[in-house]
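Okay, so here's the structure we're looking at.
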Amino acid sequence: MVSDIRVFLLAVILRWQSYVTGGVLTALVVLVERLFDWKMPKKTYAALFIVGCLLVSFFLAWRDQYREALRVPSLEQQIANLKAKPPQIQVTVPTPIVNIPPQMAYMSPADLGIARPNYRIGGNIAASATCQNISPSIVAENAGCVRGLRVVETQLNALNQPIVTQAVQDKTYRQFQRDIASIEIQRRSYGPGEKAFGNVFSPTVDESLDEAFRRGSKTVLFLGAYSWKDGLGEHTNEICAWLQMYPDMFTGPGQMAANATITWNQCRNHNGLKK
């Protein structure tokens, strides 16, 4: 309560001071006194500048808060709408050009995006990617799509841009392979063109990690291993891409810009059929 009163009185005093020392009314009084050799009575001066300007200052301070209060229902409705249907910023990573034999299925990530509302202190980076059989005629049997999102260090290139080096890309993907070797993969068949949507999440974003993202010293690496069977045998498609961080991507601590351009860069290796 005391702090609220202090803030209110400060707002009133600042407005009152601006009227008394530099307002239009003050200028008119000074102009009339100089031009017509007239002196305003003290009681009139006190009533006009002390009482009158003070009342106006009280009203203006109240009106500012009243207008802010009127915005609350609208903001609450906007927040409710975002929670019900969170917007997504999506940028498709170009799929490697693959000449698929007519008798072969091919599991591939159709797109890769970021769910911006998930990003906040205590939240995470949420990456979305579909798992799709892009073959027009062959069923992908016993197919499984494993995805992962890892936080990695970046390094400045010759243009002073933060990038993920090839050594970090390869090391992280090898660790991803070791991790998925010990998990049970859910498998199913995908008909021609059939796809399924899925999300993966980064570790929890705390203040230090958020600062590293905003500074560009860290980013996330999207990793995938899509495996399946068809008439030609068993196959695995490897996916590896890292998120380009840049200052305008964020509007402040724990806040990702609403219109931020999301750019995924393909890794040097681990994109395409596993050899």
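Following the order of the structure tokens, chains are lettered A, B, ..., residues in each are numbered from 1, and ligands are numbered from 1.
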
Backbone DSSP call of alpha helix (DSSP H) for region 45-240 of chain A, listed as a CSV table (one decimal) with C-alpha atoms, in the first residue's frame:
```csv
chain,number,residue,atom,x,y,z
A,45,TYR,CA,-2.3,32.7,-8.2
A,53,CYS,CA,-3.2,22.5,-11.4
A,54,LEU,CA,-3.0,20.0,-8.5
A,55,LEU,CA,-6.6,18.9,-9.2
A,56,VAL,CA,-5.8,18.5,-12.9
A,57,SER,CA,-2.7,16.5,-12.0
A,58,PHE,CA,-4.8,14.2,-9.7
A,59,PHE,CA,-7.3,13.6,-12.5
A,60,LEU,CA,-4.6,12.9,-15.2
A,61,ALA,CA,-2.8,10.4,-12.9
A,62,TRP,CA,-6.1,8.6,-12.2
A,63,ARG,CA,-7.0,8.6,-15.9
A,64,ASP,CA,-3.8,6.9,-16.9
A,65,GLN,CA,-4.4,4.1,-14.5
A,66,TYR,CA,-8.1,3.9,-15.5
A,67,ARG,CA,-7.2,3.5,-19.1
A,68,GLU,CA,-4.7,0.8,-18.2
A,69,ALA,CA,-7.4,-1.0,-16.2
A,70,LEU,CA,-9.7,-0.9,-19.3
A,71,ARG,CA,-7.0,-2.8,-21.3
A,72,VAL,CA,-6.9,-5.7,-18.8
A,73,PRO,CA,-10.0,-7.6,-20.0
A,74,SER,CA,-8.9,-7.3,-23.6
A,75,LEU,CA,-5.4,-8.6,-22.7
A,76,GLU,CA,-6.8,-11.4,-20.7
A,77,GLN,CA,-9.0,-12.4,-23.7
A,78,GLN,CA,-5.9,-12.3,-26.0
A,79,ILE,CA,-4.0,-14.5,-23.5
A,80,ALA,CA,-6.9,-17.0,-23.4
A,81,ASN,CA,-7.0,-17.1,-27.1
A,82,LEU,CA,-3.3,-17.8,-27.4
A,83,LYS,CA,-3.5,-20.5,-24.8
A,84,ALA,CA,-6.4,-22.1,-26.7
A,166,GLN,CA,31.0,-29.7,-37.7
A,167,ALA,CA,32.9,-31.3,-34.8
A,168,VAL,CA,30.0,-30.4,-32.4
A,169,GLN,CA,27.4,-31.6,-34.9
A,170,ASP,CA,29.0,-35.0,-35.3
A,171,LYS,CA,29.8,-35.4,-31.6
A,172,THR,CA,26.2,-34.5,-30.6
A,173,TYR,CA,24.7,-36.9,-33.2
A,174,ARG,CA,26.9,-39.8,-32.0
A,175,GLN,CA,25.6,-39.2,-28.5
A,176,PHE,CA,22.0,-39.1,-29.8
A,177,GLN,CA,22.6,-42.5,-31.4
A,178,ARG,CA,23.9,-44.0,-28.2
A,179,ASP,CA,20.9,-42.6,-26.3
A,180,ILE,CA,18.3,-44.1,-28.7
A,207,GLU,CA,17.9,-17.3,-16.8
A,208,SER,CA,21.5,-18.3,-17.7
A,209,LEU,CA,20.4,-20.4,-20.6
A,210,ASP,CA,18.0,-17.7,-21.9
A,211,GLU,CA,20.9,-15.2,-21.7
A,212,ALA,CA,23.1,-17.6,-23.7
A,213,PHE,CA,20.4,-18.0,-26.4
A,214,ARG,CA,20.0,-14.2,-26.6
A,215,ARG,CA,23.7,-13.7,-26.8
```

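Relative to CA of Cys131 (chain A), CA of Tyr226 (chain A) is found at 7.8 Å.
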
Quick one: everything within 7 Å of Ser189 (chain A), counting only C-alpha atoms, minus sequence neighbours fewer than 2 positions away in the same chain. Send it as JSON, numbers by chain.
{"A": [139, 140, 141, 142, 143, 191]}

Considering only C-alpha atoms, return as a PDB file with N, CA and C atoms, in the first residue's frame whatever protein or nucleic-acid residues lie within 6 Å of region 199-203 of chain A, sequence-local ones (same chain, fewer than 6 positions apart) excluded.
```
ATOM      1  N   ASN A 124      10.512 -23.814 -22.340  1.00  0.00           N
ATOM      2  CA  ASN A 124      11.522 -24.494 -23.157  1.00  0.00           C
ATOM      3  C   ASN A 124      11.363 -24.097 -24.614  1.00  0.00           C
ATOM      4  N   ILE A 125      12.331 -24.526 -25.407  1.00  0.00           N
ATOM      5  CA  ILE A 125      12.180 -24.438 -26.857  1.00  0.00           C
ATOM      6  C   ILE A 125      11.471 -25.707 -27.303  1.00  0.00           C
ATOM      7  N   ALA A 126      10.350 -25.548 -27.995  1.00  0.00           N
ATOM      8  CA  ALA A 126       9.580 -26.694 -28.485  1.00  0.00           C
ATOM      9  C   ALA A 126       9.693 -26.734 -30.003  1.00  0.00           C
ATOM     10  N   ALA A 127      10.282 -27.810 -30.512  1.00  0.00           N
ATOM     11  CA  ALA A 127      10.427 -27.979 -31.956  1.00  0.00           C
ATOM     12  C   ALA A 127       9.420 -29.013 -32.445  1.00  0.00           C
ATOM     13  N   SER A 128       8.766 -28.693 -33.548  1.00  0.00           N
ATOM     14  CA  SER A 128       7.791 -29.613 -34.127  1.00  0.00           C
ATOM     15  C   SER A 128       8.308 -30.114 -35.470  1.00  0.00           C
ATOM     16  N   LEU A 149      16.215 -32.981 -29.182  1.00  0.00           N
ATOM     17  CA  LEU A 149      16.631 -31.579 -29.220  1.00  0.00           C
ATOM     18  C   LEU A 149      17.705 -31.395 -28.159  1.00  0.00           C
TER      19      LEU A 149
END
```
